[in-house]
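S.K.: I have a structure I would like to understand better, so I am pasting it below and will then ask my questions one at a time.
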Amino acid sequence: MTAMGSQGAVTIQWPDGQLSFAPVGQDWLTAAAIAGMAIPTGCLGGSCGACEIEVNGETQRACISQVPASLDGTLRVEMGSDPYW
């Protein structure tokens, strides 16, 4: 585990290659906004799927999910693209 990971924060690698840091438990929309990234939203309740992101290969709905802990201290985020949103 890295020093950041052991302190309750993780490094986030965004799709454009940018790195940012976020505390474990912070909501994804806030973590993205602080990093200057925009995650599309729709219902803000988790039912529409507009805010789906992949975190280390697992799909999460950013509007109802928090930044998780990571064994190696790094999370890799990919954003989907839905032409209807």
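Ordered as shown in the structure tokens, chains take letters A, B, and onward, while each chain numbers its residues from 1 and ligands are numbered from 1 in the order shown.
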Give me, as a PyMOL selection string, all polymer residues having an atom no more than 12 Å from Gly17 of chain A, counting only C-alpha atoms and skipping those fewer than 6 positions away in the same chain.

M.R.: chain A and resi 11+35+37+75-78

S.K.: Enumerate, as a ChimeraX atom specification, the complete set of residues in chain A that a backbone-based DSSP assignment places in strand (DSSP E).

M.R.: /A:9-13,19-23,52-55,58-61,74-79

S.K.: Find the residues near segment 54-66 of chain A: any atom within 8 Å, counting only C-alpha atoms, skip ones fewer than 6 places away on the same chain, and give them as a list of chain:residue names.

M.R.: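 Here the qualifying residues turn out to be A:Val24, A:Gly25, A:Gln26, A:Asp27, A:Trp28, A:Leu29, A:Ile39, A:Thr41, A:Leu44, A:Gly45, A:Gly46, A:Leu75, A:Arg76, A:Val77, A:Glu78, A:Met79, A:Gly80.
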
S.K.: I want to know what sits within 8 Å of Pro23 of chain A, based on only C-alpha atoms, with residues of the same chain fewer than 6 positions away left out; could you give that as an MDAnalysis selection string?

M.R.: chainID A and resid 8:10 67

S.K.: Between atom CA of Asp72 of chain A and atom CA of Gln13 of chain A, what distance in Å does the model show, to one decimal?

M.R.: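 Atom CA of Gln13 of chain A lies 12.7 Å from atom CA of Asp72 of chain A.
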
S.K.: Between atom CA of Ser20 of chain A and atom CA of Ser70 of chain A, what is the spacing in Å?

M.R.: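 Taking atom CA of Ser70 of chain A and atom CA of Ser20 of chain A, their separation equals 14.3 Å.
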
S.K.: To one decimal in Å, tell me the separation between atom CA of Gln18 of chain A and atom CA of Ser47 of chain A.

M.R.: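 These two atoms are separated by 28.6 Å.
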